[in-house]
Amino acid sequence: MQEIRLYNTLHRTLETFEPLDPEQVVMYVCGPTVYDDPHLGHARAAVVFDVLFRLLRRVYGDHAVRYIRNYTDVDDKIIARANERGVAIEAITRQYIAAYEEAVDALGCLRPTVSPRVTEVMERITDWIQQLIDAGAAYEAGGCVFFDVSAFPEYGKLSNRTADDLVTTQRIEPDPRKRSPLDFALWKEARPGEPEWPSPWGPGRPGWHIECTVMATVYGRETLDIHGGGLDLIFPHHENEIAQCEAVTHHTFARYWVHNGFVRINAEKMSKSLGNFFTVGDLLSRWPAQTLRYFLLSAHYRSPLDFHPGGLVESTKALFRLYGAAALIDRLQTAPDAERTTKQTHRLAELERIAKQSIETFDAALRDDLNTARALGAVFETVREVNRRAALLTDPLPTAQAELVERLQFLLARLRDDLALCTGSAADFFAEWNQLATAALGLDPDEINRQIAERTAARQQRDWARSDDIRDALASSGVLLEDSPDGTIWRVDPEYVAGRD
Ligand SMILES: [Zn+2]
């Protein structure tokens, strides 16, 4: 079995991934706080860890990988939103869990093995806090319970800072009840107008960090193989998760810490608090889901991803080429009586060599810390050659070329299974694109079809001037025509749609 290498934030280095038990690989990823519609930053995390989930499943087997992603369904922001609307917090969380699931489903992400919610594990949380108190790592103060950072000498190991460093450089919530500024809340006392749960320290609700430690150990294992999340969670969230877990279990909480980079707009992180975000729903009303997915995979997951409409244009155009080749590859077949000239046979042999190379590079790139950009580049090596040899590939190939057909179909299958790109038919993708694009540009598809029919009639009458006029008029509104043996097809130029953003 070839190895997977992952960048482990804990050691700040690339490491060979070795699961504790290859028959039960456990990955926990911090999920969203559900109080608003998901934005592109949420989509990036979902898609990145979906690709890792798919890779782990391929290497260890579909049933050997347990992927846990939580929903934070109790939080200040959720409570504020519920109060604002005069509804129960469940009404808010139900709405935004549904919105999140709709978005990530549309983006082609597999559902995690389990998606627990904080409110489902309240008793386990109070049990865990009690264990921390019993272990001398937490203390009660005025109906609250705080983690005592001085009781965990390794505090700071994930962010690679000492406790003293963290006190002076990080933004820390002040609270006079804390013994030390770095101590953090495990349990918060109930406040009027807020939901509360019973506990040995009085009614209240858990702090944010404890929920992930508990859900990861309850639904996963006391030692996870992989813990993931966005870069911004390293401190304090993940640092605190480690402290809370290891102060009780005395063994490693997560062996590989994997963090994805931000989506940025004008070099700033896309976030709800900065107000510079695009919701997934808004983007999906204008661009195919495959375009968004392609865009999110076009950069390495640890790099920042700069969002701009040009990126979506490029992604859509790349998908045009991919789907064009996929349609050809899906139709490929061999026949005993098919023949080719020597020159054609040579060109097909060359294509086979390129396809073989693409398959190898694709696989190596994904195993090398999920290098999706390089994996896509490898696919395009073959796509370019397939599109260039389209005329050679439309008729059945000689049976001697069966291996070529197999390789091309294998590469396409890997693109579909490992990256979830080109999953539908080319015809459906182009139809979806034209529908979204004409709506965005205020064009009437029936009118476009009518003009194409008129142009076809003009061409039959050899009225080339009229035919060219119609083509030029359509092109000036962003509609490009392509004549093929099966008739004329049309496609809206993505540049025109981006111009409207
Ligand atoms: Zn978390």
# chains A, B, ... in the order shown; residues from 1 in each chain; ligands from 1
>>> residues_near_ligand(ligand="ligand 1", cutoff="10 Å", atoms="only C-alpha atoms and all ligand atoms", output="VMD selection string")
chain A and resid 28 to 33 69 to 72 208 to 216 227 to 230 233 to 234 237 to 238 240 to 241
>>> select_by_dssp(residues="region 158-322 of chain A", states="strand (DSSP E)", output="PyMOL selection string")
chain A and resi 184-189+204-206+224-230+254-260+263-265+268-269+305-306
>>> residues_around(residues="His42 (chain A)", least_positions_apart="4", cutoff="10 Å", atoms="only C-alpha atoms", output="ChimeraX atom specification")
/A:31-32,37-38,46-47,100,103-104,230,262-263,270-271,279-280
>>> write_last_selection(atoms="N, CA and C atoms", output="short mmCIF file (atom, residue, chain, number, x, y, z; two decimals), in the first residue's frame")
data_model
loop_
_atom_site.label_atom_id
_atom_site.label_comp_id
_atom_site.auth_asym_id
_atom_site.auth_seq_id
_atom_site.Cartn_x
_atom_site.Cartn_y
_atom_site.Cartn_z
N GLY A 31 -17.31 21.28 13.05
CA GLY A 31 -18.35 21.72 12.12
C GLY A 31 -18.80 23.14 12.43
N PRO A 32 -19.86 23.58 11.76
CA PRO A 32 -20.28 24.98 11.88
C PRO A 32 -21.12 25.26 13.13
N ASP A 37 -26.68 31.33 7.26
CA ASP A 37 -26.44 30.54 6.06
C ASP A 37 -24.94 30.30 5.87
N PRO A 38 -24.56 29.13 5.38
CA PRO A 38 -23.14 28.85 5.18
C PRO A 38 -22.54 29.73 4.09
N ALA A 46 -15.61 22.07 4.19
CA ALA A 46 -16.39 20.86 3.92
C ALA A 46 -15.79 20.09 2.73
N VAL A 47 -15.41 20.82 1.69
CA VAL A 47 -14.90 20.17 0.48
C VAL A 47 -13.49 19.59 0.73
N TYR A 100 -27.07 24.22 5.83
CA TYR A 100 -25.68 23.74 5.68
C TYR A 100 -25.68 22.43 4.91
N ALA A 103 -26.30 22.89 1.27
CA ALA A 103 -25.14 23.45 0.56
C ALA A 103 -24.07 22.40 0.33
N VAL A 104 -23.70 21.64 1.37
CA VAL A 104 -22.60 20.69 1.19
C VAL A 104 -23.02 19.48 0.35
N GLY A 230 -10.53 24.63 10.44
CA GLY A 230 -9.91 25.80 9.82
C GLY A 230 -8.72 26.26 10.66
N PHE A 262 -7.77 29.89 4.78
CA PHE A 262 -8.96 30.74 4.64
C PHE A 262 -9.33 30.98 3.18
N VAL A 263 -10.60 31.35 2.97
CA VAL A 263 -10.96 31.98 1.70
C VAL A 263 -10.83 33.47 1.96
N MET A 270 -12.36 35.79 4.53
CA MET A 270 -13.81 35.89 4.38
C MET A 270 -14.44 35.44 5.69
N SER A 271 -15.22 36.29 6.30
CA SER A 271 -15.85 35.87 7.54
C SER A 271 -17.12 36.65 7.77
N THR A 279 -22.56 33.89 0.50
CA THR A 279 -23.16 32.64 0.96
C THR A 279 -23.11 31.63 -0.19
N VAL A 280 -23.09 30.36 0.20
CA VAL A 280 -23.06 29.31 -0.80
C VAL A 280 -24.35 29.37 -1.64
#
>>> residues_around(residues="Val59 (chain A)", least_positions_apart="3", cutoff="9 Å", atoms="only C-alpha atoms", output="ChimeraX atom specification")
/A:1-4,54-56,62
>>> closest_residue(among="A:Leu283, A:Ala326, A:Ile359, A:Val492", to="Thr438 (chain A)", atoms="only C-alpha atoms")
A:Val492
>>> residues_around(residues="region 331-344 of chain A", least_positions_apart="2", cutoff="7 Å", atoms="only C-alpha atoms", output="PDB file with C-alpha atoms, in the first residue's frame")
ATOM      1  CA  ALA A 327     -18.404  12.884 -22.835  1.00  0.00           C
ATOM      2  CA  LEU A 328     -15.938  11.465 -25.365  1.00  0.00           C
ATOM      3  CA  ILE A 329     -14.382   9.038 -22.897  1.00  0.00           C
ATOM      4  CA  HIS A 346       0.972   5.921 -33.192  1.00  0.00           C
ATOM      5  CA  ARG A 347      -1.081   8.854 -31.909  1.00  0.00           C
ATOM      6  CA  LEU A 348      -3.284   6.523 -29.895  1.00  0.00           C
ATOM      7  CA  LEU A 393     -11.922   8.848 -30.742  1.00  0.00           C
ATOM      8  CA  PRO A 396     -14.971   2.625 -32.314  1.00  0.00           C
ATOM      9  CA  LEU A 397     -11.290   1.879 -31.764  1.00  0.00           C
ATOM     10  CA  PRO A 398      -9.532  -1.329 -32.815  1.00  0.00           C
ATOM     11  CA  THR A 399      -9.669  -3.978 -30.077  1.00  0.00           C
ATOM     12  CA  ALA A 402      -8.752  -1.751 -25.281  1.00  0.00           C
ATOM     13  CA  VAL A 405      -9.993   2.858 -23.362  1.00  0.00           C
TER      14      VAL A 405
END
>>> atom_distance(atom1="CA of Phe430 (chain A)", atom2="CA of Glu385 (chain A)")
21.4 Å
>>> atom_distance(atom1="CA of Leu376 (chain A)", atom2="CA of Pro304 (chain A)")
18.0 Å
>>> atom_distance(atom1="CA of Glu15 (chain A)", atom2="CA of Ala365 (chain A)")
14.8 Å
